[in-house]
$ cat input-v7.csv   # CSV, C-alpha atoms
chain,number,residue,atom,x,y,z
A,28,MET,CA,0.0,0.0,0.0
A,29,LEU,CA,2.8,2.4,0.9
A,30,ILE,CA,4.4,1.9,-2.6
A,31,TYR,CA,1.1,2.8,-4.3
A,32,VAL,CA,0.7,5.9,-2.1
A,33,GLY,CA,4.2,6.9,-3.1
A,34,ALA,CA,3.4,6.5,-6.8
A,35,VAL,CA,0.3,8.8,-6.4
A,36,ALA,CA,2.4,11.4,-4.6
A,37,ALA,CA,5.2,11.2,-7.2
A,38,THR,CA,2.7,11.9,-10.1
A,39,ALA,CA,0.3,14.3,-8.3
A,40,ARG,CA,1.7,17.4,-10.0
A,41,CYS,CA,1.4,15.7,-13.4
A,42,TRP,CA,-2.2,14.8,-12.8
A,43,ALA,CA,-3.0,18.3,-11.7
A,44,SER,CA,-1.8,19.7,-15.0
A,45,LEU,CA,-4.1,17.4,-17.0
A,46,SER,CA,-6.8,20.2,-17.5
A,47,SER,CA,-4.3,22.2,-19.6
A,48,VAL,CA,-3.5,19.4,-22.0
A,49,VAL,CA,-4.9,20.1,-25.6
A,50,GLY,CA,-4.0,18.7,-28.9
A,51,ALA,CA,-2.1,15.6,-30.0
A,52,VAL,CA,1.4,16.9,-29.1
A,53,ASP,CA,0.3,17.9,-25.6
A,54,TRP,CA,-1.3,14.5,-25.0
A,55,LEU,CA,1.7,12.6,-26.1
A,56,ALA,CA,4.0,14.8,-24.0
A,57,TRP,CA,1.8,14.4,-21.0
A,58,ALA,CA,1.7,10.6,-21.4
A,59,GLY,CA,5.5,10.6,-21.7
A,60,ARG,CA,5.8,12.8,-18.6
A,61,LEU,CA,3.5,10.5,-16.6
A,62,SER,CA,5.2,7.3,-17.7
A,63,GLY,CA,8.6,8.8,-17.1
A,64,LEU,CA,7.7,9.8,-13.5
A,65,LEU,CA,6.4,6.3,-12.8
A,66,ALA,CA,9.5,4.7,-14.4
A,67,GLY,CA,11.8,6.9,-12.2
A,68,TYR,CA,9.8,6.0,-9.1
A,69,ALA,CA,9.8,2.3,-10.0
A,70,CYS,CA,13.6,2.4,-10.4
A,71,ALA,CA,14.0,3.6,-6.8
A,72,ILE,CA,11.5,1.0,-5.5
A,73,LEU,CA,13.2,-1.7,-7.5
A,74,LEU,CA,16.5,-1.0,-5.7
A,75,ALA,CA,15.0,-0.6,-2.3
A,76,LEU,CA,13.3,-4.0,-2.5
A,77,MET,CA,16.7,-5.7,-2.9
A,78,ALA,CA,18.7,-3.5,-0.6
A,79,ARG,CA,18.3,-6.1,2.2
A,80,ILE,CA,16.9,-3.6,4.6
A,81,PRO,CA,16.4,-5.6,7.8
A,82,ILE,CA,13.0,-4.3,8.7
A,83,LEU,CA,11.7,-5.2,5.2
A,84,ASP,CA,13.4,-8.5,5.1
A,85,ARG,CA,12.1,-9.7,8.4
A,86,GLY,CA,8.6,-8.3,8.0
A,87,VAL,CA,8.0,-9.4,4.4
A,88,GLY,CA,10.4,-12.2,3.7
A,89,THR,CA,13.3,-12.5,1.3
A,90,ASP,CA,11.5,-14.6,-1.2
A,91,ARG,CA,8.5,-12.4,-1.4
A,92,LEU,CA,10.7,-9.3,-1.8
A,93,ALA,CA,12.5,-11.1,-4.6
A,94,ARG,CA,9.2,-11.8,-6.4
A,95,TRP,CA,8.1,-8.1,-5.9
A,96,HIS,CA,11.5,-7.1,-7.3
A,97,ALA,CA,11.1,-9.3,-10.4
A,98,THR,CA,7.6,-7.9,-11.0
A,99,GLY,CA,8.9,-4.4,-10.4
A,100,GLY,CA,11.6,-4.9,-12.9
A,101,ARG,CA,9.1,-5.8,-15.7
A,102,TRP,CA,7.0,-2.7,-14.8
A,103,THR,CA,10.1,-0.5,-14.8
A,104,ILE,CA,11.2,-1.6,-18.3
A,105,THR,CA,7.6,-1.3,-19.6
A,106,LEU,CA,7.2,2.2,-18.2
A,107,SER,CA,10.6,3.3,-19.5
A,108,LEU,CA,9.9,2.0,-23.0
A,109,ALA,CA,6.5,3.8,-22.9
A,110,HIS,CA,8.1,7.0,-21.8
A,111,MET,CA,10.6,6.8,-24.6
A,112,THR,CA,7.9,6.0,-27.2
A,113,PHE,CA,5.6,8.8,-26.1
A,114,VAL,CA,8.4,11.4,-26.0
A,115,ILE,CA,9.7,10.5,-29.4
A,116,ALA,CA,6.2,10.5,-30.8
A,117,ALA,CA,5.6,14.0,-29.4
A,118,HIS,CA,8.8,15.3,-31.1
A,119,SER,CA,7.9,13.5,-34.3
A,120,VAL,CA,4.4,14.8,-34.9
A,121,GLU,CA,5.5,17.9,-36.9
A,122,SER,CA,9.0,16.9,-38.2
A,123,GLY,CA,8.7,13.2,-38.7
A,124,LEU,CA,10.1,10.2,-36.8
A,125,TYR,CA,13.7,10.4,-38.0
A,126,ALA,CA,14.1,14.1,-37.5
A,127,GLY,CA,12.2,14.1,-34.2
A,128,THR,CA,14.4,11.3,-32.8
A,129,ILE,CA,17.7,13.0,-33.9
A,130,HIS,CA,16.5,16.3,-32.4
A,131,LEU,CA,15.7,14.6,-29.1
A,132,LEU,CA,19.0,12.8,-28.9
A,133,ALA,CA,21.0,16.0,-29.9
A,134,ASN,CA,19.2,18.4,-27.6
A,135,GLY,CA,17.5,16.5,-24.8
A,136,GLU,CA,19.2,16.8,-21.4
A,137,GLY,CA,20.5,13.5,-20.1
A,138,VAL,CA,18.8,11.6,-23.0
A,139,TRP,CA,22.0,9.7,-23.9
A,140,GLU,CA,22.6,8.6,-20.3
A,141,ALA,CA,19.0,7.6,-19.9
A,142,THR,CA,19.2,5.6,-23.2
A,143,ILE,CA,22.3,3.7,-22.0
A,144,GLY,CA,20.5,3.0,-18.7
A,145,LEU,CA,17.5,1.6,-20.5
A,146,VAL,CA,19.7,-0.6,-22.6
A,147,LEU,CA,21.4,-1.9,-19.5
A,148,LEU,CA,18.1,-2.6,-17.8
A,149,ILE,CA,16.9,-4.6,-20.8
A,150,GLY,CA,20.1,-6.6,-20.8
A,151,VAL,CA,19.6,-7.5,-17.1
A,152,ALA,CA,16.0,-8.5,-17.9
A,153,VAL,CA,17.2,-10.7,-20.7
A,154,VAL,CA,19.7,-12.6,-18.6
A,155,SER,CA,17.0,-12.9,-15.8
A,156,ALA,CA,14.6,-14.8,-18.1
A,157,ARG,CA,14.0,-18.2,-16.7
A,158,GLY,CA,15.3,-20.1,-19.7
A,159,ILE,CA,18.5,-18.1,-20.0
A,160,ARG,CA,19.2,-17.9,-16.3
A,161,ARG,CA,19.2,-21.7,-16.0
A,162,LEU,CA,22.1,-21.8,-18.4
A,163,MET,CA,24.2,-19.5,-16.2
A,164,ARG,CA,26.1,-20.0,-13.0
A,165,TYR,CA,24.3,-18.3,-10.1
A,166,GLU,CA,27.4,-16.2,-9.4
A,167,ILE,CA,27.6,-14.8,-12.9
A,168,TRP,CA,23.9,-14.0,-12.9
A,169,HIS,CA,24.2,-12.3,-9.5
A,170,TYR,CA,27.0,-10.0,-10.5
A,171,LEU,CA,25.4,-9.1,-13.8
A,172,HIS,CA,22.6,-7.7,-11.7
A,173,PHE,CA,24.9,-5.0,-10.4
A,174,PHE,CA,24.5,-3.3,-13.8
A,175,THR,CA,21.0,-2.4,-12.5
A,176,TYR,CA,22.7,0.1,-10.2
A,177,ILE,CA,24.6,1.7,-13.1
A,178,ALA,CA,21.4,1.8,-15.2
A,179,VAL,CA,19.3,3.5,-12.6
A,180,PHE,CA,21.8,6.1,-11.6
A,181,ALA,CA,22.8,6.8,-15.2
A,182,ALA,CA,19.2,7.9,-15.9
A,183,PHE,CA,18.9,9.9,-12.7
A,184,ALA,CA,20.1,13.2,-14.1
A,185,HIS,CA,17.6,12.9,-16.9
A,186,GLN,CA,14.8,12.6,-14.4
A,187,LEU,CA,15.6,16.0,-12.9
A,188,THR,CA,15.2,17.7,-16.3
A,189,GLY,CA,11.4,17.1,-16.5
A,190,PRO,CA,8.8,19.8,-15.7
A,191,ASP,CA,8.1,18.4,-12.3
A,192,PHE,CA,11.7,18.9,-11.0
A,193,ALA,CA,13.5,21.3,-13.3
A,194,ASP,CA,12.4,24.4,-11.4
A,195,GLY,CA,13.4,23.1,-8.0
A,196,GLY,CA,10.9,23.2,-5.2
A,197,LEU,CA,9.6,20.6,-2.8
A,198,GLY,CA,9.0,18.0,-5.4
A,199,ARG,CA,12.7,18.0,-6.5
A,200,LEU,CA,13.8,17.9,-2.9
A,201,LEU,CA,11.6,14.9,-2.1
A,202,TRP,CA,12.8,13.1,-5.2
A,203,LEU,CA,16.4,13.7,-4.2
A,204,ILE,CA,15.7,12.4,-0.7
A,205,LEU,CA,14.1,9.3,-2.1
A,206,TYR,CA,17.1,8.5,-4.3
A,207,VAL,CA,19.7,9.5,-1.6
A,208,GLY,CA,17.9,7.3,0.9
A,209,VAL,CA,17.8,4.3,-1.4
A,210,ALA,CA,21.5,4.8,-2.2
A,211,ALA,CA,22.4,5.0,1.5
A,212,ALA,CA,20.4,1.9,2.3
A,213,LEU,CA,22.2,0.0,-0.5
A,214,LEU,CA,25.6,1.2,0.5
A,215,TRP,CA,25.1,0.3,4.2
A,216,CYS,CA,23.0,-2.9,4.0
A,217,ARG,CA,24.7,-4.5,1.0
A,218,PHE,CA,28.3,-3.5,1.5
A,219,LEU,CA,29.4,-1.7,4.7
A,220,SER,CA,27.4,-3.7,7.2
A,221,PRO,CA,28.7,-7.1,6.0
A,222,VAL,CA,32.3,-5.8,6.3
A,223,ARG,CA,31.7,-4.4,9.7
A,224,ARG,CA,30.2,-7.7,10.9
A,225,ALA,CA,33.0,-9.7,9.4
A,226,LEU,CA,35.6,-7.6,11.4
A,227,ARG,CA,33.5,-7.8,14.5
A,228,HIS,CA,32.6,-11.6,14.6
A,229,ARG,CA,35.7,-13.1,12.8
A,230,LEU,CA,34.0,-16.3,11.8
A,231,ARG,CA,36.0,-19.4,11.0
A,232,ILE,CA,35.1,-23.0,10.2
A,233,THR,CA,35.9,-25.3,13.1
A,234,GLU,CA,34.5,-28.6,11.9
A,235,ILE,CA,32.7,-30.2,8.9
A,236,ARG,CA,30.7,-33.3,9.9
A,237,TRP,CA,29.0,-35.7,7.5
A,238,GLU,CA,25.3,-36.2,8.4
A,239,SER,CA,24.6,-38.6,5.5
A,240,PRO,CA,26.3,-39.7,2.3
A,241,THR,CA,25.3,-36.4,0.7
A,242,VAL,CA,24.7,-33.9,3.6
A,243,ILE,CA,27.2,-32.1,5.7
A,244,SER,CA,27.0,-29.8,8.7
A,245,VAL,CA,29.4,-26.9,8.9
A,246,TYR,CA,30.3,-25.7,12.4
A,247,LEU,CA,31.6,-22.1,12.7
A,248,SER,CA,33.1,-20.3,15.7
A,249,GLY,CA,33.6,-16.6,16.2
A,250,ALA,CA,33.4,-13.6,18.6
A,251,TYR,CA,30.2,-12.1,20.0
A,252,LEU,CA,27.9,-14.6,18.2
A,253,ASN,CA,24.9,-13.6,20.3
A,254,GLU,CA,25.1,-10.1,18.8
A,255,LEU,CA,24.3,-11.5,15.4
A,256,GLY,CA,20.6,-11.2,16.2
A,257,ALA,CA,19.6,-14.3,14.3
A,258,GLU,CA,16.3,-15.9,15.1
A,259,PRO,CA,15.4,-19.6,14.6
A,260,GLY,CA,14.2,-20.1,11.0
A,261,GLN,CA,16.5,-17.4,9.5
A,262,PHE,CA,19.4,-17.8,7.1
A,263,PHE,CA,22.6,-16.0,6.2
A,264,ARG,CA,24.4,-15.5,2.9
A,265,TRP,CA,27.7,-17.2,3.5
A,266,ARG,CA,30.9,-16.1,1.8
A,267,PHE,CA,33.8,-18.6,2.4
A,268,LEU,CA,37.1,-17.0,1.9
A,269,ALA,CA,38.8,-19.8,0.0
A,270,PRO,CA,40.1,-20.1,-3.5
A,271,GLY,CA,37.2,-20.2,-6.0
A,272,MET,CA,34.6,-19.4,-3.4
A,273,TRP,CA,35.4,-16.0,-2.0
A,274,TRP,CA,33.5,-14.1,-4.7
A,275,THR,CA,30.1,-15.6,-4.1
A,276,ALA,CA,27.7,-15.6,-1.2
A,277,ASN,CA,25.1,-18.4,-1.0
A,278,PRO,CA,22.1,-18.6,1.3
A,279,TYR,CA,22.0,-21.4,3.9
A,280,SER,CA,19.7,-21.6,6.9
A,281,LEU,CA,21.0,-22.1,10.4
A,282,SER,CA,20.3,-25.7,11.5
A,283,ALA,CA,20.8,-25.0,15.2
A,284,PRO,CA,19.9,-22.0,17.3
A,285,VAL,CA,22.7,-19.4,17.7
A,286,ASN,CA,24.7,-20.0,20.9
A,287,PRO,CA,27.9,-18.4,22.3
A,288,ARG,CA,30.0,-21.4,21.1
A,289,TYR,CA,29.2,-22.0,17.5
A,290,LEU,CA,26.9,-21.5,14.5
A,291,ARG,CA,25.8,-24.4,12.3
A,292,ILE,CA,24.5,-24.8,8.8
A,293,THR,CA,23.5,-28.1,7.2
A,294,VAL,CA,23.9,-28.4,3.5
A,295,LYS,CA,23.2,-31.0,0.8
A,296,ALA,CA,26.3,-31.3,-1.5
A,297,VAL,CA,24.6,-31.2,-4.9
A,298,GLY,CA,25.7,-28.0,-6.6
A,299,ASP,CA,29.2,-26.7,-7.3
A,300,HIS,CA,29.2,-24.4,-4.3
A,301,SER,CA,27.8,-26.9,-1.8
A,302,ARG,CA,30.1,-29.6,-3.1
A,303,ALA,CA,33.1,-27.3,-2.6
A,304,LEU,CA,32.1,-26.9,1.0
A,305,THR,CA,33.0,-30.5,1.7
A,306,ARG,CA,36.6,-29.7,0.7
A,307,LEU,CA,37.1,-26.8,3.1
A,308,ARG,CA,39.4,-27.1,6.1
A,309,PRO,CA,39.0,-25.9,9.7
A,310,GLY,CA,40.3,-22.4,10.1
A,311,THR,CA,38.8,-21.1,6.8
A,312,ARG,CA,37.6,-17.5,7.3
A,313,VAL,CA,33.9,-16.9,6.6
A,314,VAL,CA,31.8,-13.8,6.1
A,315,ALA,CA,28.1,-14.1,7.0
A,316,GLU,CA,25.7,-11.5,5.6
A,317,GLY,CA,22.4,-11.3,7.4
A,318,PRO,CA,20.4,-12.6,9.2
A,319,TYR,CA,17.6,-12.7,6.6
A,320,GLY,CA,14.2,-14.3,6.2
A,321,ALA,CA,10.8,-14.1,7.9
A,322,LEU,CA,10.2,-17.8,8.6
A,323,THR,CA,10.3,-17.1,12.3
A,324,ALA,CA,8.2,-17.3,15.4
A,325,ALA,CA,6.9,-13.8,14.7
A,326,ARG,CA,4.5,-15.3,12.1
A,327,ARG,CA,2.9,-17.7,14.6
A,328,ARG,CA,-0.6,-16.8,15.8
A,329,SER,CA,-1.8,-20.2,17.2
A,330,GLU,CA,-0.7,-22.3,20.1
A,331,ARG,CA,-0.6,-25.3,17.8
A,332,VAL,CA,2.0,-25.5,15.1
A,333,LEU,CA,2.7,-28.0,12.3
A,334,LEU,CA,6.1,-28.1,10.7
A,335,ILE,CA,6.5,-29.8,7.3
A,336,GLY,CA,10.1,-30.4,6.1
A,337,GLY,CA,11.6,-32.1,3.1
A,338,GLY,CA,15.2,-33.2,2.7
A,339,VAL,CA,17.7,-30.7,3.8
A,340,GLY,CA,14.9,-28.2,4.2
A,341,ILE,CA,14.7,-29.5,7.7
A,342,SER,CA,17.5,-27.1,8.7
A,343,PRO,CA,15.4,-24.0,9.6
A,344,LEU,CA,12.5,-26.2,10.9
A,345,ARG,CA,14.9,-28.0,13.3
A,346,THR,CA,15.6,-24.7,15.0
A,347,LEU,CA,11.9,-23.8,15.2
A,348,PHE,CA,11.1,-27.3,16.5
A,349,GLU,CA,13.4,-26.7,19.4
A,350,THR,CA,12.3,-23.2,20.2
A,351,LEU,CA,8.7,-22.6,19.3
A,352,PRO,CA,6.4,-22.6,22.3
A,353,GLY,CA,3.1,-24.4,22.4
A,354,LYS,CA,2.1,-27.8,20.9
A,355,VAL,CA,4.4,-28.5,17.9
A,356,THR,CA,4.2,-31.4,15.4
A,357,LEU,CA,6.9,-32.0,12.9
A,358,VAL,CA,6.4,-34.1,9.7
A,359,TYR,CA,9.8,-34.8,8.0
A,360,MET,CA,9.7,-36.2,4.5
A,361,ALA,CA,12.6,-37.7,2.6
A,362,ARG,CA,13.2,-40.1,-0.3
A,363,ARG,CA,15.3,-42.7,1.6
A,364,ASP,CA,16.0,-43.4,5.3
A,365,GLU,CA,19.6,-42.1,5.0
A,366,ASP,CA,18.2,-38.7,3.9
A,367,LEU,CA,16.5,-38.2,7.3
A,368,VAL,CA,19.4,-36.1,8.6
A,369,LEU,CA,19.6,-34.8,12.2
A,370,ARG,CA,17.1,-37.5,13.2
A,371,ASP,CA,18.8,-38.2,16.5
A,372,GLU,CA,18.6,-34.5,17.4
A,373,LEU,CA,14.9,-34.3,16.4
A,374,ASP,CA,14.0,-37.4,18.5
A,375,ALA,CA,15.8,-35.9,21.5
A,376,ILE,CA,14.0,-32.5,21.1
A,377,ALA,CA,10.7,-34.3,20.8
A,378,ALA,CA,11.3,-36.3,23.9
A,379,ARG,CA,12.5,-33.3,25.9
A,380,ARG,CA,9.6,-31.1,25.1
A,381,GLY,CA,6.9,-33.7,24.6
A,382,ALA,CA,6.4,-32.8,20.9
A,383,THR,CA,5.5,-35.1,18.1
A,384,VAL,CA,7.8,-35.9,15.2
A,385,LEU,CA,6.7,-38.1,12.3
A,386,TYR,CA,9.0,-39.4,9.5
A,387,THR,CA,7.8,-40.5,6.1
A,388,LEU,CA,9.6,-41.9,3.0
A,389,ASP,CA,8.5,-41.4,-0.6
A,390,GLU,CA,8.7,-45.1,-1.2
A,391,SER,CA,6.4,-46.0,1.7
A,392,ARG,CA,3.6,-43.4,0.8
A,393,VAL,CA,2.8,-43.4,4.6
A,394,VAL,CA,1.8,-39.7,4.6
A,395,PRO,CA,0.9,-38.6,1.1
A,396,LEU,CA,0.5,-34.8,0.6
A,397,THR,CA,-3.3,-34.7,0.4
A,398,GLY,CA,-5.7,-32.6,2.4
A,399,ARG,CA,-7.5,-35.7,3.7
A,400,ALA,CA,-4.3,-37.4,4.8
A,401,LEU,CA,-3.1,-34.3,6.6
A,402,ARG,CA,-6.4,-33.8,8.4
A,403,VAL,CA,-6.2,-37.4,9.7
A,404,LEU,CA,-2.6,-37.0,10.7
A,405,VAL,CA,-3.0,-33.7,12.5
A,406,PRO,CA,-6.4,-33.3,14.3
A,407,GLY,CA,-7.6,-29.7,14.3
A,408,LEU,CA,-5.3,-28.9,11.4
A,409,ALA,CA,-7.3,-25.8,10.3
A,410,GLU,CA,-6.4,-24.1,13.6
A,411,HIS,CA,-2.7,-24.7,13.2
A,412,ASP,CA,0.0,-22.4,12.0
A,413,VAL,CA,2.0,-24.4,9.4
A,414,TYR,CA,5.6,-23.8,8.5
A,415,ILE,CA,7.0,-25.5,5.3
A,416,CYS,CA,10.5,-25.8,4.0
A,417,GLY,CA,11.8,-28.2,1.4
A,418,PRO,CA,12.2,-28.7,-2.4
A,419,THR,CA,10.0,-26.5,-4.5
A,420,GLY,CA,7.8,-29.3,-5.7
A,421,MET,CA,7.1,-30.6,-2.2
A,422,THR,CA,6.6,-27.1,-0.9
A,423,MET,CA,3.9,-26.3,-3.5
A,424,ALA,CA,2.2,-29.6,-3.1
A,425,ALA,CA,2.1,-29.2,0.7
A,426,ARG,CA,0.6,-25.7,0.4
A,427,SER,CA,-2.1,-26.9,-2.0
A,428,ALA,CA,-2.9,-29.8,0.3
A,429,LEU,CA,-3.1,-27.5,3.3
A,430,ARG,CA,-5.5,-25.2,1.5
A,431,ARG,CA,-7.7,-28.1,0.6
A,432,ALA,CA,-7.6,-29.2,4.2
A,433,GLY,CA,-9.1,-25.9,5.3
A,434,VAL,CA,-5.9,-24.1,6.5
A,435,PRO,CA,-6.2,-20.4,5.7
A,436,SER,CA,-3.5,-18.9,3.6
A,437,ARG,CA,-2.5,-16.5,6.4
A,438,ARG,CA,-1.6,-19.5,8.6
A,439,ILE,CA,0.7,-21.1,5.9
A,440,HIS,CA,4.3,-19.9,6.2
A,441,LEU,CA,7.0,-20.8,3.8
A,442,GLU,CA,10.2,-19.4,2.3
A,443,CYS,CA,11.6,-20.4,-1.0
A,444,PHE,CA,15.3,-20.0,-1.9
A,445,ASP,CA,14.7,-19.9,-5.7
A,446,PHE,CA,15.6,-16.2,-5.9

$ encode --input "input-v7.csv" --output "structure tokens"
Amino acid sequence: MLIYVGAVAATARCWASLSSVVGAVDWLAWAGRLSGLLAGYACAILLALMARIPILDRGVGTDRLARWHATGGRWTITLSLAHMTFVIAAHSVESGLYAGTIHLLANGEGVWEATIGLVLLIGVAVVSARGIRRLMRYEIWHYLHFFTYIAVFAAFAHQLTGPDFADGGLGRLLWLILYVGVAAALLWCRFLSPVRRALRHRLRITEIRWESPTVISVYLSGAYLNELGAEPGQFFRWRFLAPGMWWTANPYSLSAPVNPRYLRITVKAVGDHSRALTRLRPGTRVVAEGPYGALTAARRRSERVLLIGGGVGISPLRTLFETLPGKVTLVYMARRDEDLVLRDELDAIAARRGATVLYTLDESRVVPLTGRALRVLVPGLAEHDVYICGPTGMTMAARSALRRAGVPSRRIHLECFDF
């Protein structure tokens, strides 16, 4: 809602001038003005959504912010193209398309910079298309996204040349505050804060322990760990300062609550990055960016909670299983018995707090993901809060089954790492 209010405020002066618009040229110029204002505003929001601002990340959730960012990117490019089209059309009514375009490029303030910015934005959008992104390493795709910053701020000077800001005044001041605020958030949250935390906490690997033939737990020690502020269910982006790994930061959830002695993540060694973790040695320096994520106790509204985990998705749920108050039931799904990692810990937690933990294997079909089966398994299911974490297919199937079982959407909490 706040984003929409901001969009109305950003275009209020443009709408107020609508009564003075007459003739084709004026209408085209007005449409270009409106789409340009919205495109400029969308650029600022686009960056703010992925600035990793803690209050946004914990309140909304990293995966949801990523989806909003993707949608915002499409709107930003659409509005920018609309702005360019309307402005060129307004300049071409009397002199023709070629002459109007040349005149605009030769005499328009900041037009070349804005054009370069738009080309860069389109390039980022192309490499973010699902089919193309799958062909690229995550690290390359991630760093190509930094061109978004260049694109947005290349077009900034052009934004200030429009009739809404060229004469100064309150509107120009508020626009500057918006962009300076977003830039400050990006600089602090994405760059300076991780460096400060790295120097403060001095994280190092102390042990790598195999939990199954394909899953490891990485134990890390450091200084002032309690100051990290990580809640059960959250994750960090981990940057391991080892050859071939220092330049990328991948998200892994904590698989044990933070304590003064160590942090722990549990990872399935299936990708290039996760497989490389198995070869790291104790003493390797680590930078942890975060904590991030909203899959925490703050979402809980009921005294009764159901946790549904699949595979290594048990990591954040294991911390919630230990710490969530009330009556908690955990359903842990895996393909084979050896994939049920941390099982001894889960059994010990269940015994200690009087909770329920149920294990199911795909081959046995003991607990199929259907609404009827879940209602039988968990009496009073509709009154539960439900947390889900696992492979995307399992997560989507579980959410559909829960909805069919009568669980309201507001009580279904999940976080997906496909961002």

$ residues_around --input "input-v7.csv" --residues "segment 303-315 of chain A" --least-positions-apart "2" --cutoff "7 Å" --atoms "only C-alpha atoms" --output "JSON, numbers by chain"
{"A": [225, 230, 231, 232, 233, 234, 263, 264, 265, 266, 267, 268, 269, 299, 300, 301, 317]}

$ residues_around --input "input-v7.csv" --residues "segment 408-411 of chain A" --least-positions-apart "5" --cutoff "8 Å" --atoms "only C-alpha atoms" --output "PyMOL selection string"
chain A and resi 329-333+401-402+432-435+438

$ write_last_selection --input "input-v7.csv" --atoms "C-alpha atoms" --output "PDB file, in the coordinates of the input"
ATOM      1  CA  SER A 329      -1.800 -20.200  17.200  1.00  0.00           C
ATOM      2  CA  GLU A 330      -0.700 -22.300  20.100  1.00  0.00           C
ATOM      3  CA  ARG A 331      -0.600 -25.300  17.800  1.00  0.00           C
ATOM      4  CA  VAL A 332       2.000 -25.500  15.100  1.00  0.00           C
ATOM      5  CA  LEU A 333       2.700 -28.000  12.300  1.00  0.00           C
ATOM      6  CA  LEU A 401      -3.100 -34.300   6.600  1.00  0.00           C
ATOM      7  CA  ARG A 402      -6.400 -33.800   8.400  1.00  0.00           C
ATOM      8  CA  ALA A 432      -7.600 -29.200   4.200  1.00  0.00           C
ATOM      9  CA  GLY A 433      -9.100 -25.900   5.300  1.00  0.00           C
ATOM     10  CA  VAL A 434      -5.900 -24.100   6.500  1.00  0.00           C
ATOM     11  CA  PRO A 435      -6.200 -20.400   5.700  1.00  0.00           C
ATOM     12  CA  ARG A 438      -1.600 -19.500   8.600  1.00  0.00           C
TER      13      ARG A 438
END

$ atom_distance --input "input-v7.csv" --atom1 "atom CA of Glu316 of chain A" --atom2 "atom CA of Ile167 of chain A"
18.9 Å

$ closest_atom_pairs --input "input-v7.csv" --of "segment 137-242 of chain A" --to "segment 111-130 of chain A" --cutoff "12 Å" --atoms "only C-alpha atoms" --output "tab-separated table"
residue	atom	partner	partner_atom	distance
A:Val138	CA	A:Met111	CA	9.6
A:Trp139	CA	A:Ile129	CA	11.4
A:Ala141	CA	A:Met111	CA	9.7
A:Thr142	CA	A:Met111	CA	8.8
A:Leu145	CA	A:Met111	CA	9.6
A:Val146	CA	A:Met111	CA	11.9
A:Gly189	CA	A:Val114	CA	11.5

$ closest_residue --input "input-v7.csv" --among "A:Trp42, A:Trp274, A:Tyr414, A:Phe348" --to "Tyr165 of chain A" --atoms "only C-alpha atoms"
A:Trp274

$ atom_distance --input "input-v7.csv" --atom1 "atom CA of Pro343 of chain A" --atom2 "atom CA of Arg363 of chain A"
20.3 Å

$ atom_distance --input "input-v7.csv" --atom1 "atom CA of Thr422 of chain A" --atom2 "atom CA of Leu92 of chain A"
18.3 Å

$ residues_near_point --input "input-v7.csv" --point "(16.8, -24.8, -11.0)" --cutoff "12 Å" --atoms "all atoms listed in the file" --output "list in words"
Arg157, Gly158, Ile159, Arg160, Arg161, Leu162, Met163, Arg164, Tyr165, Val297, Gly298, Pro418, Thr419, Gly420, Phe444, Asp445 and Phe446 of chain A

$ closest_residue --input "input-v7.csv" --among "A:Ala71, A:Ile341, A:Ala378, A:Glu365" --to "Ala178 of chain A" --atoms "all atoms listed in the file"
A:Ala71

$ closest_residue --input "input-v7.csv" --among "A:Leu351, A:Met77, A:Ile30, A:Ala296" --to "Arg94 of chain A" --atoms "all atoms listed in the file"
A:Met77

$ closest_residue --input "input-v7.csv" --among "A:Leu334, A:Cys416, A:Cys443, A:Leu76" --to "Leu385 of chain A" --atoms "all atoms listed in the file"
A:Leu334

$ residues_around --input "input-v7.csv" --residues "Gly100 of chain A" --least-positions-apart "3" --cutoff "9 Å" --atoms "all atoms listed in the file" --output "list in words"
Ala69, Cys70, Leu73, Trp95, His96, Ala97, Thr103, Ile104, Thr105, Leu148 and Ala152 of chain A

$ closest_residue --input "input-v7.csv" --among "A:Val52, A:Ala276, A:Leu61, A:Ala193" --to "Thr38 of chain A" --atoms "all atoms listed in the file"
A:Leu61
